[in-house]
Structure formats: C-alpha cells, structure tokens
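Q: For reference, the file start_33.cif (mmCIF, C-alpha atoms) is included below:
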data_run
#
loop_
_atom_site.label_atom_id
_atom_site.label_comp_id
_atom_site.auth_asym_id
_atom_site.auth_seq_id
_atom_site.Cartn_x
_atom_site.Cartn_y
_atom_site.Cartn_z
CA MET W 72 0.00 0.00 0.00
CA LYS W 73 1.00 3.60 -0.46
CA TYR W 74 1.76 6.04 2.30
CA LYS W 75 -0.43 9.14 2.50
CA ASP W 76 0.81 12.43 3.88
CA TYR W 77 -2.25 13.78 5.65
CA TYR W 78 -0.49 17.02 6.58
CA GLU W 79 0.40 17.68 2.98
CA ILE W 80 -3.18 16.99 1.90
CA LEU W 81 -4.39 19.67 4.30
CA GLY W 82 -1.54 22.00 3.36
CA LEU W 83 -0.12 22.01 6.89
CA GLU W 84 3.14 21.60 8.76
CA ARG W 85 3.40 18.71 11.20
CA THR W 86 3.45 21.22 14.03
CA ALA W 87 -0.04 22.52 13.16
CA SER W 88 -2.42 23.05 16.07
CA GLN W 89 -5.82 21.32 16.26
CA ASP W 90 -7.36 24.70 15.39
CA ASP W 91 -5.15 24.99 12.29
CA ILE W 92 -6.25 21.54 11.21
CA LYS W 93 -9.90 22.37 11.57
CA ARG W 94 -9.56 25.72 9.81
CA SER W 95 -7.59 24.28 6.93
CA TYR W 96 -9.98 21.37 6.52
CA ARG W 97 -13.03 23.63 6.49
CA LYS W 98 -11.48 25.94 3.95
CA LEU W 99 -10.41 23.17 1.57
CA ALA W 100 -13.64 21.22 2.05
CA ARG W 101 -15.61 24.25 0.86
CA LYS W 102 -13.29 24.60 -2.09
CA TYR W 103 -13.45 20.98 -3.20
CA HIS W 104 -16.97 19.97 -2.18
CA PRO W 105 -18.30 18.09 -5.23
CA ASP W 106 -21.64 19.94 -5.12
CA VAL W 107 -19.92 23.29 -5.27
CA SER W 108 -16.61 22.76 -7.02
CA LYS W 109 -16.13 22.37 -10.74
CA HIS W 110 -12.58 21.05 -10.38
CA ASP W 111 -12.27 17.83 -12.36
CA ASP W 112 -10.78 15.98 -9.43
CA ALA W 113 -13.06 17.55 -6.79
CA GLU W 114 -14.58 14.26 -5.69
CA GLU W 115 -11.21 12.59 -5.23
CA ARG W 116 -9.72 15.61 -3.44
CA PHE W 117 -12.71 15.92 -1.14
CA LYS W 118 -12.51 12.27 -0.18
CA GLU W 119 -8.82 12.63 0.62
CA LEU W 120 -9.50 15.71 2.73
CA GLY W 121 -12.19 13.88 4.70
CA GLU W 122 -9.84 11.00 5.35
CA ALA W 123 -6.96 13.27 6.41
CA TYR W 124 -9.24 15.23 8.71
CA GLU W 125 -10.78 12.10 10.19
CA VAL W 126 -7.33 11.09 11.42
CA LEU W 127 -5.76 14.42 12.31
CA LYS W 128 -8.76 15.91 14.14
CA ASP W 129 -8.67 13.05 16.63
CA PRO W 130 -5.70 13.54 18.98
CA GLU W 131 -5.31 9.78 19.53
CA LYS W 132 -5.32 8.89 15.86
CA ARG W 133 -3.07 11.84 15.12
CA ALA W 134 -0.54 10.70 17.70
CA ALA W 135 -0.55 7.18 16.27
CA TYR W 136 -0.14 8.56 12.77
CA ASP W 137 2.69 10.86 13.87
CA ARG W 138 4.46 7.89 15.42
CA LEU W 139 4.95 6.45 11.91
CA GLY W 140 7.55 9.19 11.50
CA SER W 141 7.92 12.13 9.18
CA ASP W 142 10.29 10.59 6.63
CA TRP W 143 7.57 9.09 4.50
CA ARG W 144 6.43 10.72 1.30
CA SER W 145 2.98 10.47 -0.27
CA GLY W 146 2.77 7.56 -2.70
CA GLN W 147 5.76 5.73 -1.20
CA GLU W 148 5.33 1.99 -0.67
CA PHE W 149 4.50 1.47 2.95
CA GLN W 150 3.97 -1.31 5.45
CA PRO W 151 2.86 -0.39 8.96
CA PRO W 152 5.42 -1.48 11.56
CA PRO W 153 4.14 -4.28 13.83
CA ASN W 154 2.19 -3.05 16.84
CA TRP W 155 2.37 0.51 15.55
CA ASP W 156 -0.95 1.23 17.22
CA GLU W 157 -0.11 -0.43 20.52
CA GLY W 158 -1.40 1.53 23.43
CA PHE W 159 -3.87 3.52 21.40
CA GLU W 160 -7.57 2.99 21.73
CA PHE W 161 -9.51 4.44 18.85
CA HIS W 162 -13.03 5.56 19.50
CA GLY W 163 -15.00 5.45 16.29
CA SER W 164 -16.62 8.79 15.84
CA GLY W 165 -18.80 7.85 12.91
CA ALA W 166 -18.18 7.90 9.21
CA GLY W 167 -16.10 10.86 8.17
CA ALA W 168 -17.02 13.17 5.36
CA GLY W 169 -16.60 11.47 2.03
CA ALA W 170 -15.15 8.30 3.49
CA GLU W 171 -18.44 6.49 3.02
CA GLU W 172 -18.29 4.36 -0.07
CA ASN W 173 -14.75 3.90 -1.30
CA LEU W 174 -12.57 3.09 1.62
CA ASP W 175 -9.00 3.85 0.94
CA ASP W 176 -6.22 1.32 1.18
CA PHE W 177 -3.96 3.19 3.57
CA PHE W 178 -6.72 4.62 5.71
CA GLU W 179 -8.52 1.28 5.81
CA ALA W 180 -5.45 -0.64 6.93
CA MET W 181 -4.45 1.86 9.57
CA PHE W 182 -7.69 3.16 10.98
CA GLY W 183 -10.27 0.81 9.51
CA ARG W 184 -11.25 -1.08 12.62
CA ALA W 185 -12.37 1.89 14.65
CA HIS W 186 -14.38 2.89 11.66
CA ALA W 187 -16.06 -0.48 11.37
CA HIS W 188 -17.51 -0.37 14.86
CA ALA W 189 -19.19 2.93 14.23
CA ARG W 190 -20.60 1.76 10.94
CA HIS W 191 -21.88 -1.42 12.48
CA ALA W 192 -23.81 0.43 15.17
CA GLN W 193 -25.31 2.66 12.54
CA ALA W 194 -26.37 -0.23 10.35
CA ARG W 195 -28.24 -1.79 13.21
CA ALA W 196 -30.12 1.38 14.00
CA MET W 197 -31.95 1.63 10.69
CA ARG W 198 -32.19 0.15 7.25
CA GLN W 199 -30.05 2.02 4.79
CA ASP W 200 -30.96 3.51 1.48
CA HIS W 201 -27.90 3.64 -0.71
CA HIS W 202 -27.01 6.15 -3.37
CA ALA W 203 -24.91 5.97 -6.48
CA LYS W 204 -24.44 8.08 -9.55
CA VAL W 205 -24.81 6.82 -13.08
CA VAL W 206 -23.63 8.75 -16.13
CA ILE W 207 -25.56 8.20 -19.33
CA ASP W 208 -25.53 9.68 -22.81
CA LEU W 209 -28.20 12.14 -23.85
CA GLU W 210 -29.28 9.66 -26.52
CA ASP W 211 -30.10 7.17 -23.74
CA ALA W 212 -32.66 9.63 -22.33
CA TYR W 213 -34.37 9.75 -25.74
CA ARG W 214 -34.56 6.03 -26.29
CA GLY W 215 -34.13 4.40 -22.95
CA ALA W 216 -31.12 2.20 -22.34
CA GLN W 217 -29.76 -0.87 -20.70
CA ARG W 218 -26.79 -0.16 -18.44
CA THR W 219 -24.43 -2.29 -16.47
CA ILE W 220 -23.11 -0.54 -13.40
CA SER W 221 -20.71 -1.84 -10.81
CA LEU W 222 -21.08 -0.89 -7.20
CA GLN W 223 -18.76 -1.37 -4.30
CA THR W 224 -20.44 -1.87 -0.98
CA PRO W 225 -18.50 -2.02 2.27
CA VAL W 226 -19.27 -5.21 4.15
CA VAL W 227 -18.37 -5.73 7.80
CA ASP W 228 -17.24 -9.21 8.80
CA PRO W 229 -17.68 -10.62 12.34
CA GLN W 230 -14.15 -9.47 13.29
CA GLY W 231 -15.10 -5.91 12.46
CA HIS W 232 -12.98 -5.71 9.32
CA ILE W 233 -14.39 -3.99 6.29
CA SER W 234 -14.02 -5.39 2.84
CA LEU W 235 -15.46 -4.05 -0.37
CA GLU W 236 -17.95 -6.32 -2.02
CA SER W 237 -18.35 -5.56 -5.64
CA ARG W 238 -21.56 -6.35 -7.44
CA THR W 239 -22.82 -5.69 -10.90
CA LEU W 240 -26.33 -4.53 -11.63
CA ASN W 241 -27.96 -4.49 -15.02
CA VAL W 242 -30.36 -1.58 -14.95
CA THR W 243 -32.97 -0.41 -17.40
CA ILE W 244 -32.80 3.36 -17.80
CA PRO W 245 -36.30 4.51 -18.74
CA LYS W 246 -36.90 6.83 -21.68
CA GLY W 247 -37.42 10.47 -20.66
CA VAL W 248 -35.04 10.55 -17.70
CA ARG W 249 -33.40 13.90 -16.94
CA ALA W 250 -30.15 14.91 -15.28
CA GLY W 251 -30.50 15.11 -11.51
CA GLN W 252 -33.43 12.71 -11.40
CA HIS W 253 -33.23 9.55 -9.35
CA LEU W 254 -34.06 6.00 -10.22
CA ARG W 255 -35.28 3.86 -7.34
CA LEU W 256 -34.33 0.20 -7.18
CA THR W 257 -36.42 -1.32 -4.44
CA GLY W 258 -34.63 -3.61 -2.01
CA GLN W 259 -31.17 -3.05 -3.53
CA GLY W 260 -29.83 -0.87 -0.70
CA GLY W 261 -28.25 -1.91 2.57
CA ALA W 262 -29.57 -4.88 4.49
CA GLY W 263 -31.88 -3.96 7.35
CA ALA W 264 -31.94 -5.42 10.84
CA PRO W 265 -33.00 -9.09 10.93
CA GLY W 266 -36.64 -9.36 9.91
CA GLU W 267 -36.70 -5.93 8.34
CA PRO W 268 -36.71 -5.25 4.61
CA ALA W 269 -33.53 -4.09 2.91
CA GLY W 270 -33.20 -0.44 1.94
CA ASP W 271 -33.52 0.89 -1.57
CA LEU W 272 -30.81 1.90 -4.00
CA TYR W 273 -31.13 5.32 -5.58
CA LEU W 274 -29.28 6.03 -8.78
CA GLU W 275 -28.77 9.68 -9.59
CA ILE W 276 -28.73 10.33 -13.31
CA ALA W 277 -26.11 12.59 -14.88
CA PHE W 278 -25.50 13.21 -18.58
CA ARG W 279 -22.12 12.84 -20.18
CA GLU W 280 -21.02 16.11 -21.80
CA HIS W 281 -22.15 16.03 -25.43
CA PRO W 282 -19.96 17.50 -28.18
CA ARG W 283 -23.02 18.91 -29.95
CA PHE W 284 -26.00 19.28 -27.65
CA ARG W 285 -26.50 21.21 -24.42
CA VAL W 286 -29.25 20.34 -21.99
CA ASP W 287 -31.40 22.67 -19.93
CA ALA W 288 -33.83 20.58 -17.83
CA ALA W 289 -36.00 18.91 -20.52
CA ASP W 290 -34.93 21.27 -23.30
CA VAL W 291 -32.01 20.58 -25.59
CA LEU W 292 -30.00 23.24 -27.43
CA LEU W 293 -27.95 22.93 -30.57
CA ASP W 294 -25.76 25.46 -32.38
CA LEU W 295 -26.31 25.13 -36.10
CA PRO W 296 -23.71 26.63 -38.47
CA VAL W 297 -25.37 28.39 -41.42
CA ALA W 298 -24.05 30.36 -44.39
CA PRO W 299 -24.92 34.09 -44.59
CA TRP W 300 -27.10 33.50 -47.66
CA GLU W 301 -28.99 30.71 -45.92
CA ALA W 302 -29.82 33.09 -43.07
CA ALA W 303 -30.68 35.94 -45.44
CA LEU W 304 -32.67 34.09 -48.08
CA GLY W 305 -34.00 31.18 -46.07
CA ALA W 306 -33.07 27.56 -46.73
CA PRO W 307 -34.06 23.99 -45.97
CA VAL W 308 -31.53 22.30 -43.69
CA THR W 309 -31.06 18.93 -42.10
CA VAL W 310 -30.76 19.25 -38.31
CA PRO W 311 -29.32 16.48 -36.18
CA THR W 312 -31.27 15.65 -33.02
CA PRO W 313 -30.35 13.03 -30.42
CA ASP W 314 -33.11 10.93 -31.96
CA GLY W 315 -32.02 11.23 -35.59
CA ALA W 316 -31.97 13.98 -38.21
CA VAL W 317 -35.01 16.13 -39.01
CA GLU W 318 -35.72 18.56 -41.85
CA MET W 319 -36.23 22.21 -40.97
CA THR W 320 -36.57 25.49 -42.84
CA ILE W 321 -34.51 28.49 -41.87
CA PRO W 322 -36.84 31.49 -42.27
CA LYS W 323 -35.51 34.22 -44.56
CA GLY W 324 -34.08 37.29 -42.87
CA SER W 325 -32.79 35.37 -39.83
CA ALA W 326 -30.15 37.08 -37.68
CA GLY W 327 -27.24 35.25 -36.09
CA GLY W 328 -28.18 33.84 -32.67
CA ARG W 329 -31.84 33.39 -33.63
CA ARG W 330 -33.42 30.49 -31.76
CA LEU W 331 -35.71 28.22 -33.71
CA ARG W 332 -37.87 25.89 -31.67
CA LEU W 333 -38.61 22.33 -32.66
CA LYS W 334 -41.54 21.67 -30.38
CA GLY W 335 -41.49 18.39 -28.51
CA LYS W 336 -38.08 17.37 -29.87
CA GLY W 337 -36.37 17.78 -26.49
CA ILE W 338 -36.19 15.02 -23.89
CA PRO W 339 -39.35 12.88 -24.15
CA GLY W 340 -41.91 13.09 -21.37
CA ASN W 341 -45.30 14.43 -20.56
CA PRO W 342 -44.93 17.15 -21.67
CA PRO W 343 -41.74 16.58 -23.67
CA GLY W 344 -39.04 19.25 -23.79
CA ASP W 345 -38.24 21.30 -26.88
CA LEU W 346 -35.18 21.35 -29.09
CA TYR W 347 -33.78 24.80 -29.76
CA VAL W 348 -31.68 25.36 -32.85
CA VAL W 349 -29.48 28.42 -32.41
CA LEU W 350 -28.28 29.86 -35.72
CA ASN W 351 -24.56 30.47 -35.92
CA ILE W 352 -23.71 32.40 -39.08
CA VAL W 353 -20.37 31.31 -40.48
CA LEU W 354 -18.53 33.47 -43.02
CA PRO W 355 -16.83 31.78 -45.95
CA PRO W 356 -13.12 32.66 -46.09
CA ALA W 357 -11.96 35.16 -48.74
CA ASP W 358 -9.03 33.00 -49.77
CA THR W 359 -9.36 32.83 -53.55
CA ASP W 360 -9.66 35.51 -56.22
CA SER W 361 -13.24 34.55 -56.98
CA ALA W 362 -14.15 34.63 -53.27
CA LYS W 363 -12.60 38.09 -52.94
CA ALA W 364 -14.49 39.20 -56.04
CA ALA W 365 -17.72 37.94 -54.52
CA TYR W 366 -17.14 39.95 -51.31
CA ASN W 367 -16.36 43.01 -53.43
CA THR W 368 -19.57 42.54 -55.34
CA MET W 369 -21.42 42.39 -52.00
CA LYS W 370 -19.72 45.57 -50.86
CA GLN W 371 -20.87 47.40 -54.02
CA ALA W 372 -24.36 45.99 -53.86
CA PHE W 373 -25.14 46.74 -50.22
CA ARG W 374 -23.57 50.07 -49.25
CA PHE W 375 -23.99 48.55 -45.81
CA ASP W 376 -22.61 50.24 -42.71
CA PRO W 377 -22.66 47.77 -39.82
CA ARG W 378 -21.73 50.60 -37.42
CA ALA W 379 -24.44 53.01 -38.47
CA GLN W 380 -26.04 52.89 -35.02
CA PHE W 381 -22.81 52.14 -33.25
CA TYR W 382 -21.37 55.58 -32.45
CA GLY W 383 -24.81 57.01 -31.65
CA MET K 27 -12.93 -8.57 -3.08
CA LYS K 28 -15.61 -11.20 -3.41
CA GLU K 29 -17.09 -12.61 -6.55
CA SER K 30 -19.67 -10.62 -8.43
CA VAL K 31 -23.38 -11.21 -8.33
CA THR K 32 -25.45 -10.22 -11.33
CA THR K 33 -29.03 -9.03 -11.08
CA TYR K 34 -31.40 -7.63 -13.69
CA LEU K 35 -33.47 -4.70 -12.58
CA GLU K 36 -36.18 -2.34 -13.66
CA GLY K 37 -35.93 1.01 -11.86
CA LYS K 38 -38.71 3.38 -10.90
CA LEU K 39 -38.21 7.00 -11.88
CA VAL K 40 -38.48 9.30 -8.87
CA ASP K 41 -40.25 12.26 -10.48
CA GLU K 42 -43.25 14.50 -9.81
CA GLY K 43 -45.44 11.39 -9.76
CA ILE K 44 -43.84 10.14 -6.54
CA GLU K 45 -44.44 11.65 -3.13
CA PHE K 46 -42.45 11.23 0.06
CA THR K 47 -43.65 11.69 3.62
CA LEU K 48 -41.25 13.37 6.04
CA VAL K 49 -40.17 10.00 7.45
CA GLU K 50 -39.66 8.48 3.99
CA LEU K 51 -37.66 11.45 2.76
CA CYS K 52 -35.40 11.17 5.82
CA HIS K 53 -34.70 7.52 5.00
CA VAL K 54 -34.04 8.28 1.37
CA SER K 55 -31.90 11.38 1.76
CA GLY K 56 -30.05 10.64 4.99
CA ALA K 57 -31.19 13.95 6.47
CA SER K 58 -32.79 14.02 9.91
CA GLU K 59 -36.38 15.09 10.59
CA GLU K 60 -35.11 18.13 12.48
CA GLU K 61 -32.98 19.22 9.54
CA LEU K 62 -35.77 18.78 7.02
CA THR K 63 -38.19 20.66 9.27
CA GLU K 64 -35.72 23.53 9.55
CA TRP K 65 -35.17 23.62 5.80
CA VAL K 66 -38.93 23.73 5.23
CA SER K 67 -39.24 26.62 7.68
CA GLU K 68 -36.53 28.44 5.70
CA GLY K 69 -38.61 27.92 2.56
CA VAL K 70 -36.01 25.69 0.90
CA PHE K 71 -38.59 22.98 0.28
CA GLU K 72 -42.32 23.43 -0.03
CA PRO K 73 -44.24 20.26 0.78
CA THR K 74 -48.01 20.12 0.45
CA GLY K 75 -50.00 19.66 3.67
CA SER K 76 -49.96 21.90 6.72
CA ARG K 77 -48.58 19.82 9.60
CA PRO K 78 -45.33 17.83 9.44
CA GLU K 79 -47.18 14.52 9.61
CA GLU K 80 -49.27 15.62 6.60
CA TRP K 81 -46.34 16.90 4.57
CA ARG K 82 -45.82 15.39 1.13
CA PHE K 83 -42.63 16.14 -0.76
CA SER K 84 -42.42 15.84 -4.53
CA GLY K 85 -40.05 13.16 -5.81
CA ALA K 86 -38.48 15.85 -7.98
CA SER K 87 -37.15 17.58 -4.84
CA LEU K 88 -34.87 14.65 -3.98
CA HIS K 89 -31.93 16.06 -5.97
CA ARG K 90 -31.92 19.28 -3.93
CA VAL K 91 -32.57 17.50 -0.64
CA ARG K 92 -29.48 15.36 -1.28
CA ILE K 93 -27.35 18.43 -1.98
CA ALA K 94 -28.70 20.06 1.20
CA GLN K 95 -27.91 16.93 3.19
CA ARG K 96 -24.34 16.77 1.88
CA LEU K 97 -23.63 20.46 2.44
CA SER K 98 -25.08 20.24 5.92
CA HIS K 99 -23.12 17.13 6.90
CA ASP K 100 -19.87 17.75 5.07
CA LEU K 101 -19.51 21.48 5.68
CA GLN K 102 -21.74 22.05 8.73
CA VAL K 103 -23.84 24.60 6.85
CA ASN K 104 -26.88 25.71 8.88
CA ALA K 105 -30.43 26.06 7.52
CA PRO K 106 -30.26 29.70 6.34
CA GLY K 107 -26.89 28.86 4.75
CA ILE K 108 -28.43 25.88 2.94
CA ALA K 109 -31.22 28.09 1.62
CA LEU K 110 -28.68 30.60 0.34
CA ALA K 111 -26.32 27.97 -1.09
CA LEU K 112 -29.09 26.21 -3.05
CA ASP K 113 -30.30 29.52 -4.52
CA LEU K 114 -26.76 30.44 -5.52
CA LEU K 115 -26.09 26.99 -6.99
CA ASP K 116 -29.22 27.33 -9.14
CA GLU K 117 -28.04 30.72 -10.31
CA ILE K 118 -24.56 29.40 -11.10
CA ASP K 119 -26.13 26.59 -13.15
CA THR K 120 -28.13 29.10 -15.17
CA LEU K 121 -25.11 31.34 -15.71
CA ARG K 122 -22.89 28.42 -16.71
CA GLY K 123 -25.50 27.42 -19.29
CA ARG K 124 -25.45 30.93 -20.73
CA LEU K 125 -21.68 31.08 -20.67
CA GLY K 126 -21.49 27.84 -22.64
CA ARG K 127 -23.79 29.35 -25.24
CA LEU K 128 -21.69 32.55 -25.51
CA ARG K 129 -18.42 30.67 -25.85
CA LYS K 130 -19.75 28.62 -28.71
CA GLY K 131 -21.38 31.58 -30.49
#
I need this file expressed as structure tokens, please.

A:
Amino acid sequence: MKYKDYYEILGLERTASQDDIKRSYRKLARKYHPDVSKHDDAEERFKELGEAYEVLKDPEKRAAYDRLGSDWRSGQEFQPPPNWDEGFEFHGSGAGAGAEENLDDFFEAMFGRAHAHARHAQARAMRQDHHAKVVIDLEDAYRGAQRTISLQTPVVDPQGHISLESRTLNVTIPKGVRAGQHLRLTGQGGAGAPGEPAGDLYLEIAFREHPRFRVDAADVLLDLPVAPWEAALGAPVTVPTPDGAVEMTIPKGSAGGRRLRLKGKGIPGNPPGDLYVVLNIVLPPADTDSAKAAYNTMKQAFRFDPRAQFYG
Amino acid sequence: MKESVTTYLEGKLVDEGIEFTLVELCHVSGASEEELTEWVSEGVFEPTGSRPEEWRFSGASLHRVRIAQRLSHDLQVNAPGIALALDLLDEIDTLRGRLGRLRKG
C-alpha cells in the first residue's frame, strides 16, 4: 500500500495546532466539495480531505499517525510497523465526510477497525438507502437504455474488518429521464436489521457532456452553423437531433443567434421538452480571387454600414 | 474482493409522480427530521399539507434534498446557509448554461 501524507493533503506543517487543522480542513472542504466545485478531481480531493481530517482531528489517531515518523512521502510503498498502534484505543466517531463508499487502502489498513464499529452500530439502527451516480448519454434519455453498473459496498465481517464487495447490476434506464433525477431500485440498498426489509438503491442520473447538444432541464439546445445567404434568403436544412436527423426550414431574414424551436423534440416526457436550434452564421473565407471578387460585389451591392447605429 | 453477483433490474423513476412523507424522505436522503423541518421553515422545500405529519414532498425535490444533506453534513452549513447555497447553486447553473452558449457563439 502507499503512504499518505495527511499534513500535505491539508496544506499544513506537522506542528499545526488542532485549530489549524480544523480551519484548513473547512477551507479546503468548501473549495473541493463536489456539489460546489467544478474542479475535475473535486470528488477525489474531497474524499482525501475527509480522510486526512478524520485522522488528524482526533488527537489519539493523530498521535498514532505521527508515530509512523515524518520521513515518509505520499505515494511511497508502505507497510505499517508491527504493533504501531499499541497503546492507542480508537473511539469510532462515525463515518467521516466522504469516506463512506470507497474506503482507501492506507486509511482502511491503519484506521479501519475503529471505523467499522461505528458503521456497524449505525447499520443496526436503521435500514439504509444507498445512493450511487450513473452517467448516461443524452441519446439514452431519448430512447431508454440498458446499463451495467458496478457498485462497491463495504461489508463488515464478524471481526469488524471492512471489505469491499463488488456487485454488478444491469439496470434499465427509462426513456425520458433527466439529469439530476433519481431511479429507485427497491430492495437493492443496505440490508436492514434481521426481519426488516432491505433499503432501496437510488441512482442519480447525470448526462455525459455532449460534443453537440446542451441540456437545460427537458430542453435541448444545438448550435447550427449556417451560411450568410442561408440566413438571409431562407433555406431547408437537415438538423441532427439526439433521436435522428429532421428537416427544418430556416426562415428568410434570420439574424445570427436566432433560436428556432422544434416543439417536442427535447427530452421525451409528458410534456416533452423542446429542441432549440441556435443559428450560428459562419462566413466563408476570402481566400481565392473569386471569393474576394464575390465579397467586393457584396460591398458594391449593399452600401452597408454595420456601425451606423454604433457611435450614436 | 468477493465474486460478483449479477441481477437484472427495472428502476422506478423518482419524479413528480412520486411523493415522500417526512419520514420516507429522511430515510431516502439521509437527512434528519429536524434538519428537514428547519429547511422547510426556511422555505427551501415546499411540501403540500400543513402539519409535518401531513407533509408530502415531490419526488423531484430529492436532488436538492441530497445536496442540502451533503452540504449540511460535510460542511456544517446551517439552515439559512443551505437556503442561500441552493439559490446560488441554481443561479450558477443558469449562468454556466449561458456562458457555454456565448463561448460557442
């Protein structure tokens, strides 16, 4: 397993006070909270922070961690010395922020047992509904889809050790699902107390970023490149939608940025969303003599001053 | 790691057609009854029904309840803070959408 430098994760010196630790954790947790942060690695960073804080905020765990010495570097291969935790009694203080689902190697090996007791007590108190996120393509929301997802559930054995049990679920994603919505899978959550039903599993839907379409609730937006003469004179065009191409007419005299609505062509539902085609006028390059001549002809024909209203 | 178990499942979409009672929503979201009651009194969520035992929450609110629960537990944000944070997150979402449109245009 790899050593983790919890002080480095929190941006602190080893001499930091308990107050410093708390302050630094709070500050970084706000910065990297996955609901707030748009950093690509926010989820990973936040989990690491939670783990570092879980250990360093507790004076007993911190002392045990400090006893490993300060010569280790993050990522270095590491084996805990025998009886490294002798004389320390860890009191589980409940699951730390972010440490819920994916227990980390290093943390698990060093501080896992204390953790397990707390989790065990919690599991007995009430049945647990579990949550997971599933990322689908926009096209899946139009047609419905079949998805295989793998979940890792922590399981506590009679000795109090946690292992990750991996299971695979084949799930039908219904047509018309939107980002942020949840799918409930009855009885697929955590086991309840003996004689009680198991909890449910909730899958939160997110859409993978699409190179072409943007999504706004049930509406879908698409930038469509058009030539200046298509916008000016009107033209029939073929517009891609997540559910296949459709024919549409650009009305004559359209300005750049004009939004054309294809009613009911957004995400299906009752009512379905709309698809908005946003016109993006693209100028042909003046890179040949005939192209330059054509622009010159335009210049003569229009006597057009784009800045007529500009200086007011 | 133990061997995998495969199951085939049909999920139920948690949308406007599903309602949660206060107790059910607590189970589902991991928030406590006290927290949810406080958030309702801040106007973050608007269940139908007048008394807590009559409250019915729309299934569509689950997404925001989960965010509220995480912010509250992970960052110790209190109820007025949750109300503010959710409003600001909505606004950021809207602005990001517009920004994406401008960048492409």

Q: Could you list, as a PyMOL selection string, the residues of chain W having an atom within 6 Å of chain K when counting only C-alpha atoms?

A: chain W and resi 168+200+235-243+251+253-256

Q: So how far away is atom CA of Phe182 of chain W from atom CA of Asp90 of chain W, in Å?

A: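 If I compute the distance from atom CA of Asp90 of chain W to atom CA of Phe182 of chain W, I get 22.0 Å.
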
Q: As a check of understanding, name the residues that the PyMOL selection byres ((chain W and resi 338) around 12) selects in the supplied structure, as a ChimeraX atom specification.

A: /W:208-215,245-250,284-292,312-314,333-337,339-347

Q: One decimal, Å: what's the distance from atom CA of Glu79 of chain W over to atom CA of Ser145 of chain W, could you say?

A: 8.3 Å

Q: Selected by the PyMOL selection byres ((chain W and resi 258-268) around 6) in the shown coordinates: which residues, as a JSON list (two decimals) with C-alpha atoms, in the frame of the given file?

A:
[["chain", "number", "residue", "atom", "x", "y", "z"],
["W", 195, "ARG", "CA", -28.24, -1.79, 13.21],
["W", 198, "ARG", "CA", -32.19, 0.15, 7.25],
["W", 199, "GLN", "CA", -30.05, 2.02, 4.79],
["W", 200, "ASP", "CA", -30.96, 3.51, 1.48],
["W", 201, "HIS", "CA", -27.90, 3.64, -0.71],
["W", 256, "LEU", "CA", -34.33, 0.20, -7.18],
["W", 257, "THR", "CA", -36.42, -1.32, -4.44],
["W", 269, "ALA", "CA", -33.53, -4.09, 2.91],
["W", 270, "GLY", "CA", -33.20, -0.44, 1.94],
["W", 271, "ASP", "CA", -33.52, 0.89, -1.57],
["W", 272, "LEU", "CA", -30.81, 1.90, -4.00]]

Q: For atom CA of Glu119 of chain W and atom CA of Lys73 of chain W, determine how far apart the two atoms are, in Å to one decimal place.

A: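 Separation between atom CA of Glu119 of chain W and atom CA of Lys73 of chain W: 13.4 Å.
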
Q: With all atoms listed in the file as the atoms that count, which of K:Ala57, K:Val103, K:Leu48, K:Ala109 lies nearest to Gly75 of chain K?

A: K:Leu48

Q: Can you find the residues with an atom no farther than 8 Å from (-21.5, 14.5, -19.7), counting only C-alpha atoms, and report them as a VMD selection string?

A: chain W and resid 206 to 208 277 to 281

Q: Tell me which of K:Arg77, K:Glu45, K:Val91, K:Arg122 sits closest to Glu61 of chain K, counting all atoms listed in the file.

A: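 Of the candidates, the smallest distance to Glu61 of chain K is held by K:Val91.
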
Q: Name every residue that the PyMOL selection byres ((chain W and resi 93-98) around 7) selects in this structure, writing the answer as a VMD selection string with chains first and numbers rising.

A: (chain W and resid 81 89 to 92 99 to 102 120 124) or (chain K and resid 101)

Q: Counting all atoms listed in the file, which residues have an atom no more than 12 Å from (-34.1, 20.5, -42.3) in the file's coordinates? Please list them as a VMD selection string.

A: chain W and resid 295 297 301 305 to 312 315 to 322 331 333 348

Q: Between W:His110, W:Arg85, W:Gln252, W:Ser234, which is the closest to Tyr273 of chain W once you count only C-alpha atoms?

A: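 Nearest to Tyr273 of chain W: W:Gln252.
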
Q: Centre and edge lengths, as JSON, for the axis-aligned box enclosing every listed atom of segment 237-241 of chain W with 4 Å of padding on each of the six sides, in Å to one decimal?

A:
{"center_x": -23.2, "center_y": -5.4, "center_z": -10.3, "size_x": 17.6, "size_y": 9.9, "size_z": 17.4}
